[in-house]
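S.K.: So I've got this file, structure31.cif, and it contains mmCIF, C-alpha atoms:
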```cif
data_start
loop_
_atom_site.label_atom_id
_atom_site.label_comp_id
_atom_site.auth_asym_id
_atom_site.auth_seq_id
_atom_site.Cartn_x
_atom_site.Cartn_y
_atom_site.Cartn_z
CA GLU P 1 -54.67 52.62 60.78
CA ALA P 2 -53.11 52.03 64.18
CA ALA P 3 -49.60 50.71 63.68
CA VAL P 4 -49.11 49.33 67.20
CA THR P 5 -51.99 47.52 68.81
CA GLN P 6 -52.23 45.92 72.23
CA SER P 7 -54.53 43.36 73.72
CA PRO P 8 -56.27 43.27 76.03
CA ARG P 9 -56.85 46.96 76.67
CA SER P 10 -57.61 46.26 80.28
CA LYS P 11 -57.40 43.25 82.53
CA VAL P 12 -58.11 42.25 86.08
CA ALA P 13 -55.92 39.44 87.36
CA VAL P 14 -55.60 37.59 90.62
CA THR P 15 -52.44 37.48 92.66
CA GLY P 16 -50.34 34.48 91.67
CA GLY P 17 -52.08 34.06 88.35
CA LYS P 18 -50.48 34.16 84.92
CA VAL P 19 -51.00 37.18 82.70
CA THR P 20 -50.04 37.58 79.07
CA LEU P 21 -50.11 40.94 77.34
CA SER P 22 -49.85 41.00 73.57
CA CYS P 23 -48.53 43.56 71.13
CA HIS P 24 -48.70 43.65 67.35
CA GLN P 25 -47.02 46.15 65.06
CA THR P 26 -47.40 46.78 61.35
CA ASN P 27 -44.53 49.27 61.10
CA ASN P 28 -42.04 46.65 59.92
CA HIS P 29 -39.77 47.75 62.75
CA ASP P 30 -36.99 45.64 64.16
CA TYR P 31 -37.17 46.98 67.71
CA MET P 32 -40.01 46.42 70.09
CA TYR P 33 -40.32 47.45 73.74
CA TRP P 34 -42.42 46.92 76.81
CA TYR P 35 -42.75 49.75 79.34
CA ARG P 36 -44.73 50.14 82.49
CA GLN P 37 -46.16 53.40 83.69
CA ASP P 38 -47.28 53.98 87.23
CA THR P 39 -49.50 56.84 88.23
CA GLY P 40 -47.50 60.03 88.39
CA HIS P 41 -44.41 58.42 86.96
CA GLY P 42 -42.65 58.18 83.67
CA LEU P 43 -42.00 55.15 81.52
CA ARG P 44 -39.77 52.35 82.71
CA LEU P 45 -38.35 49.80 80.29
CA ILE P 46 -39.08 46.17 81.14
CA HIS P 47 -37.90 44.19 78.14
CA TYR P 48 -37.04 44.87 74.54
CA SER P 49 -36.21 42.95 71.41
CA TYR P 50 -34.41 43.72 68.19
CA VAL P 51 -35.01 40.48 66.35
CA ALA P 52 -37.49 37.65 66.37
CA ASP P 53 -36.85 34.85 68.86
CA SER P 54 -34.62 37.05 70.98
CA THR P 55 -35.38 39.33 73.92
CA GLU P 56 -33.29 41.53 76.19
CA LYS P 57 -33.75 42.75 79.73
CA GLY P 58 -34.51 46.37 80.33
CA ASP P 59 -34.28 48.32 83.56
CA ILE P 60 -36.93 46.48 85.57
CA PRO P 61 -37.19 42.90 84.23
CA ASP P 62 -37.79 41.10 87.53
CA GLY P 63 -41.13 39.31 87.56
CA TYR P 64 -41.59 39.63 83.81
CA LYS P 65 -40.76 37.52 80.80
CA ALA P 66 -40.99 38.47 77.16
CA SER P 67 -41.47 36.58 73.93
CA ARG P 68 -40.90 37.69 70.33
CA PRO P 69 -42.16 34.90 68.07
CA SER P 70 -42.12 37.08 64.95
CA GLN P 71 -41.10 40.55 63.87
CA GLU P 72 -44.68 41.75 64.30
CA ASN P 73 -45.52 40.26 67.69
CA PHE P 74 -44.12 40.83 71.15
CA SER P 75 -45.65 39.51 74.35
CA LEU P 76 -45.11 40.31 78.00
CA ILE P 77 -45.71 37.50 80.47
CA LEU P 78 -46.28 37.75 84.17
CA GLU P 79 -45.92 34.18 85.42
CA LEU P 80 -46.99 34.97 88.98
CA ALA P 81 -48.79 38.28 89.03
CA SER P 82 -48.33 40.40 92.14
CA LEU P 83 -50.08 43.46 93.52
CA SER P 84 -47.02 45.58 92.74
CA GLN P 85 -47.47 44.86 89.04
CA THR P 86 -50.66 46.86 88.86
CA ALA P 87 -49.86 49.52 86.27
CA VAL P 88 -50.42 50.59 82.70
CA TYR P 89 -48.27 48.73 80.19
CA PHE P 90 -47.20 50.18 76.87
CA CYS P 91 -45.71 48.46 73.89
CA ALA P 92 -43.68 50.42 71.38
CA SER P 93 -41.71 49.84 68.21
CA SER P 94 -38.90 51.65 66.45
CA ASP P 95 -36.79 51.24 63.38
CA ALA P 96 -33.50 51.72 65.17
CA TRP P 97 -32.15 51.75 68.69
CA ALA P 98 -31.39 54.89 70.58
CA GLU P 99 -32.10 57.78 68.28
CA ASP P 100 -35.16 56.65 66.44
CA THR P 101 -38.74 57.62 67.21
CA GLN P 102 -40.73 55.10 69.18
CA TYR P 103 -44.33 54.43 68.20
CA PHE P 104 -46.52 53.46 71.10
CA GLY P 105 -49.62 51.36 71.41
CA PRO P 106 -52.66 52.53 73.36
CA GLY P 107 -51.66 50.73 76.53
CA THR P 108 -53.06 47.93 78.69
CA ARG P 109 -54.39 48.78 82.11
CA LEU P 110 -53.64 45.88 84.45
CA LEU P 111 -55.15 45.57 87.89
CA VAL P 112 -53.89 42.77 90.09
CA LEU P 113 -56.09 41.92 93.05
CA SER O 114 -27.12 58.85 86.76
CA GLN O 115 -30.13 58.84 84.52
CA TRP O 116 -30.54 59.93 80.95
CA GLY O 117 -33.38 62.24 80.02
CA GLU O 118 -34.00 63.32 83.55
CA GLU O 119 -36.82 65.81 83.86
CA ASN O 120 -38.13 67.34 87.02
CA LEU O 121 -41.71 66.20 87.48
CA GLN O 122 -43.92 69.21 87.60
CA ALA O 123 -47.47 70.20 86.99
CA LEU O 124 -48.46 73.36 85.18
CA SER O 125 -51.91 74.87 84.96
CA ILE O 126 -52.42 77.75 82.56
CA GLN O 127 -55.19 79.51 80.74
CA GLU O 128 -55.86 78.94 77.08
CA GLY O 129 -53.93 81.37 74.92
CA GLU O 130 -50.95 81.62 77.23
CA ASP O 131 -47.49 80.45 76.25
CA VAL O 132 -45.68 77.77 78.23
CA THR O 133 -42.17 76.37 78.43
CA MET O 134 -41.10 73.02 79.85
CA ASN O 135 -37.56 72.04 80.65
CA CYS O 136 -35.55 68.87 80.51
CA SER O 137 -32.05 68.25 81.80
CA TYR O 138 -29.88 65.23 81.24
CA LYS O 139 -26.64 63.98 82.67
CA THR O 140 -24.97 61.98 79.93
CA TYR O 141 -23.97 62.37 76.31
CA THR O 142 -26.89 62.63 73.94
CA THR O 143 -27.28 63.18 70.23
CA VAL O 144 -31.04 63.52 70.10
CA VAL O 145 -33.82 64.79 72.30
CA GLN O 146 -37.34 63.71 71.54
CA TRP O 147 -40.42 65.29 73.04
CA TYR O 148 -43.52 63.16 73.41
CA ARG O 149 -47.05 64.08 74.34
CA GLN O 150 -49.35 61.69 76.13
CA LYS O 151 -53.03 62.50 76.27
CA SER O 152 -55.27 60.92 78.84
CA GLY O 153 -55.84 57.24 78.16
CA LYS O 154 -53.46 57.15 75.20
CA GLY O 155 -49.89 56.14 74.52
CA PRO O 156 -47.15 58.76 74.11
CA ALA O 157 -46.64 60.20 70.65
CA LEU O 158 -43.67 62.10 69.27
CA ILE O 159 -44.33 65.79 68.70
CA ILE O 160 -40.87 67.13 67.97
CA LEU O 161 -37.31 65.83 67.70
CA ILE O 162 -34.14 67.88 67.92
CA ARG O 163 -30.62 66.68 67.22
CA SER O 164 -27.37 67.76 68.81
CA ASN O 165 -26.34 69.75 65.73
CA GLU O 166 -29.50 71.86 66.03
CA ARG O 167 -30.03 74.60 68.59
CA GLU O 168 -33.67 75.14 67.79
CA LYS O 169 -36.46 73.30 66.01
CA ARG O 170 -39.95 74.54 65.24
CA SER O 171 -43.12 72.75 64.31
CA GLY O 172 -46.29 74.79 64.20
CA ARG O 173 -46.86 76.19 67.69
CA LEU O 174 -44.06 74.08 69.13
CA ARG O 175 -40.48 75.15 69.60
CA ALA O 176 -37.74 72.93 70.99
CA THR O 177 -34.27 74.05 71.98
CA LEU O 178 -31.19 72.07 72.82
CA ASP O 179 -28.13 73.33 74.66
CA THR O 180 -25.54 70.59 74.72
CA SER O 181 -23.15 72.64 76.84
CA SER O 182 -25.64 72.82 79.71
CA GLN O 183 -27.19 69.45 78.82
CA SER O 184 -30.69 70.81 78.72
CA SER O 185 -33.60 71.06 76.36
CA SER O 186 -36.82 72.99 76.43
CA LEU O 187 -40.20 72.71 74.77
CA SER O 188 -42.32 75.79 74.28
CA ILE O 189 -45.91 75.94 73.17
CA THR O 190 -47.29 79.25 72.02
CA GLY O 191 -50.95 80.15 72.15
CA THR O 192 -51.94 77.06 74.09
CA LEU O 193 -55.26 75.36 73.49
CA ALA O 194 -57.31 73.26 75.83
CA THR O 195 -56.43 70.32 73.59
CA ASP O 196 -52.77 70.76 74.57
CA THR O 197 -53.68 69.34 77.98
CA ALA O 198 -51.45 66.29 78.35
CA VAL O 199 -48.29 64.94 79.92
CA TYR O 200 -45.13 65.92 78.06
CA PHE O 201 -42.03 63.74 78.19
CA CYS O 202 -38.55 64.38 77.00
CA ALA O 203 -36.47 61.41 75.94
CA THR O 204 -32.77 61.40 75.29
CA GLY O 205 -30.66 59.02 73.29
CA ALA O 206 -27.31 58.77 71.62
CA SER O 207 -25.98 57.17 68.50
CA SER O 208 -23.33 55.50 70.65
CA GLY O 209 -25.84 52.87 71.64
CA GLN O 210 -27.38 54.05 74.88
CA LYS O 211 -31.07 53.36 75.00
CA LEU O 212 -33.67 56.06 74.72
CA VAL O 213 -34.51 57.18 78.24
CA PHE O 214 -37.68 58.98 79.17
CA GLY O 215 -37.96 61.69 81.77
CA GLN O 216 -40.63 61.81 84.45
CA GLY O 217 -42.86 64.13 82.48
CA THR O 218 -44.55 67.51 82.86
CA ILE O 219 -48.28 67.55 83.46
CA LEU O 220 -49.82 70.43 81.55
CA LYS O 221 -53.39 71.47 82.06
CA VAL O 222 -54.81 74.20 79.87
CA TYR O 223 -58.13 75.55 81.02
CA LEU O 224 -60.61 77.69 79.16
#
```
Could you rewrite the structure in this file as structure tokens?
M.R.:
Amino acid sequence: EAAVTQSPRSKVAVTGGKVTLSCHQTNNHDYMYWYRQDTGHGLRLIHYSYVADSTEKGDIPDGYKASRPSQENFSLILELASLSQTAVYFCASSDAWAEDTQYFGPGTRLLVL
Amino acid sequence: SQWGEENLQALSIQEGEDVTMNCSYKTYTTVVQWYRQKSGKGPALIILIRSNEREKRSGRLRATLDTSSQSSSLSITGTLATDTAVYFCATGASSGQKLVFGQGTILKVYL
């Protein structure tokens, strides 16, 4: 059974529109993360959370908000989607912070037109 | 400076050959994780090596860690076409620095 799931798996959005990406984990992990991956690039951390109802900024938080309503769920919100936010987005979870293995979801491919 | 920095490179080899990928980092780390990402999938851990280990093996995989030169390597012996993927190193430390992913190595194994 997949421990980290994401929805939707792909999405086409219009510039200026609102986009919400959802992530659900069944690992019982405290930490959850949102990354973006651009073609030919590595993973860049957008937001993360270590407890429900609290989120932290990662390396590239501008233009993104995050929400952690429960331990299992973590959402990424693009209030005003822009062309530059076209990318693949990955959610991950881990039991601890820096040293622990991160378990990734399958990704959401977002195209902003 | 960036943790887990890895020179982006692309390797194309024939099935059966051995391959080694390298990862260098610039700050203190206590663990190096190697992830594999297959096309259309999320990254998945394949091997983890800690700072008190110089070498770690798992099947056809071998990871090394040299803390003095701040570098790690991942070797795959007897590659298979199914090893085709992007390989990332990620470095972290128990001191609280976040896990940082390198740019990745694109490996293509052809028949």
S.K.: For segment 117-168 of chain O against segment 26-39 of chain P, with a cut-off of 12 Å and counting all atoms listed in the file, what is the closest atom pair and its distance in Å to one decimal for every residue that makes the cut, ordered by chain and number, as a Markdown table?
M.R.:
```
| residue | atom | partner | partner_atom | distance |
| --- | --- | --- | --- | --- |
| O:Gln150 | CA | P:Gln37 | CA | 11.7 |
| O:Ser152 | CA | P:Thr39 | CA | 11.8 |
| O:Gly153 | CA | P:Gln37 | CA | 11.8 |
| O:Lys154 | CA | P:Gln37 | CA | 11.8 |
| O:Gly155 | CA | P:Gln37 | CA | 10.3 |
| O:Pro156 | CA | P:Gln37 | CA | 11.0 |
```
S.K.: Please expand the PyMOL selection byres ((chain O and resi 159) around 6) into the concrete residues it hits in this file, giving the result as a list in words.
M.R.: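 Residues picked by the PyMOL selection byres ((chain O and resi 159) around 6): Trp147, Tyr148, Leu158 and Ile160 of chain O.
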S.K.: Contacts from chain P to chain O, 6 Å maximum, all atoms listed in the file: show me the residue list as a PDB file with C-alpha atoms, in the coordinates of the input.
M.R.:
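In the end it all went to selection-v4.pdb:
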```pdb
ATOM      1  CA  HIS P  41     -44.410  58.420  86.960  1.00  0.00           C
ATOM      2  CA  GLY P  42     -42.650  58.180  83.670  1.00  0.00           C
ATOM      3  CA  ALA P  98     -31.390  54.890  70.580  1.00  0.00           C
ATOM      4  CA  GLU P  99     -32.100  57.780  68.280  1.00  0.00           C
ATOM      5  CA  PHE P 104     -46.520  53.460  71.100  1.00  0.00           C
ATOM      6  CA  GLY P 105     -49.620  51.360  71.410  1.00  0.00           C
ATOM      7  CA  PRO P 106     -52.660  52.530  73.360  1.00  0.00           C
TER       8      PRO P 106
END
```
S.K.: Nearest to Ser182 of chain O among O:Gln127, O:Arg167, O:Val132, O:Tyr138, with distances taken over all atoms listed in the file: which residue is it?
M.R.: O:Tyr138
S.K.: Expressed in Å to a single decimal, how great is the separation between atom CA of Ala92 of chain P and atom CA of Val19 of chain P?
M.R.: 18.9 Å
S.K.: Give me the residues near Gly17 of chain P as a ChimeraX atom specification, where near means some atom within 8 Å (using all atoms listed in the file) and where sequence neighbours in that chain fewer than 2 positions away do not count.
M.R.: /P:13-15,19,79-81
S.K.: Please determine, counting all atoms listed in the file, which residue among O:Ser188, O:Ile162, O:Thr197, O:Leu224 has the shortest atom-to-atom distance to Ala123 of chain O.
M.R.: O:Thr197
S.K.: Would you compute the distance between atom CA of Glu168 of chain O and atom CA of Asp196 of chain O? Give it in Å to one decimal.
M.R.: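 Separation between atom CA of Glu168 of chain O and atom CA of Asp196 of chain O: 20.7 Å.
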S.K.: Could you pull segment 163-184 of chain O out of the block above and give me N, CA and C atoms, as a CSV table (one decimal), in the first residue's frame?
M.R.:
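Done, and the output landed in selection_8.csv:
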```csv
chain,number,residue,atom,x,y,z
O,163,ARG,N,26.2,6.4,7.1
O,163,ARG,CA,26.4,7.4,8.2
O,163,ARG,C,27.9,7.7,8.3
O,164,SER,N,28.1,8.8,9.0
O,164,SER,CA,29.5,9.3,9.1
O,164,SER,C,30.5,8.4,9.8
O,165,ASN,N,30.0,7.4,10.5
O,165,ASN,CA,30.9,6.5,11.2
O,165,ASN,C,31.1,5.2,10.3
O,166,GLU,N,30.6,5.3,9.1
O,166,GLU,CA,30.8,4.2,8.2
O,166,GLU,C,31.6,4.7,7.0
O,167,ARG,N,32.5,3.9,6.5
O,167,ARG,CA,33.2,4.3,5.3
O,167,ARG,C,32.6,3.6,4.1
O,168,GLU,N,31.9,2.5,4.3
O,168,GLU,CA,31.4,1.8,3.1
O,168,GLU,C,30.1,1.1,3.6
O,169,LYS,N,29.1,1.0,2.7
O,169,LYS,CA,27.9,0.3,2.9
O,169,LYS,C,27.5,-0.4,1.7
O,170,ARG,N,27.1,-1.6,1.8
O,170,ARG,CA,26.7,-2.4,0.6
O,170,ARG,C,25.2,-2.9,0.8
O,171,SER,N,24.6,-2.9,-0.4
O,171,SER,CA,23.2,-3.5,-0.4
O,171,SER,C,23.0,-4.1,-1.8
O,172,GLY,N,23.1,-5.4,-1.9
O,172,GLY,CA,23.0,-6.0,-3.2
O,172,GLY,C,24.0,-5.6,-4.1
O,173,ARG,N,23.6,-5.0,-5.3
O,173,ARG,CA,24.6,-4.6,-6.3
O,173,ARG,C,25.0,-3.1,-6.0
O,174,LEU,N,24.6,-2.5,-4.9
O,174,LEU,CA,24.9,-1.2,-4.6
O,174,LEU,C,26.0,-1.1,-3.6
O,175,ARG,N,26.9,-0.1,-3.7
O,175,ARG,CA,27.9,0.2,-2.8
O,175,ARG,C,28.0,1.7,-2.6
O,176,ALA,N,27.9,2.1,-1.4
O,176,ALA,CA,28.1,3.5,-1.1
O,176,ALA,C,29.3,3.7,-0.2
O,177,THR,N,30.1,4.8,-0.5
O,177,THR,CA,31.2,5.2,0.3
O,177,THR,C,31.0,6.6,0.8
O,178,LEU,N,31.7,6.8,1.9
O,178,LEU,CA,31.6,8.2,2.5
O,178,LEU,C,33.0,8.5,3.0
O,179,ASP,N,33.6,9.6,2.6
O,179,ASP,CA,34.8,10.1,3.0
O,179,ASP,C,34.6,11.5,3.7
O,180,THR,N,34.5,11.5,5.0
O,180,THR,CA,34.2,12.8,5.6
O,180,THR,C,35.4,13.8,5.5
O,181,SER,N,36.6,13.3,5.4
O,181,SER,CA,37.7,14.2,5.3
O,181,SER,C,37.7,15.0,4.0
O,182,SER,N,37.2,14.4,2.9
O,182,SER,CA,37.1,15.1,1.6
O,182,SER,C,35.7,15.6,1.3
O,183,GLN,N,34.8,15.3,2.3
O,183,GLN,CA,33.4,15.6,2.1
O,183,GLN,C,32.8,15.2,0.8
O,184,SER,N,32.9,13.9,0.6
O,184,SER,CA,32.4,13.3,-0.6
O,184,SER,C,31.9,11.9,-0.4
```
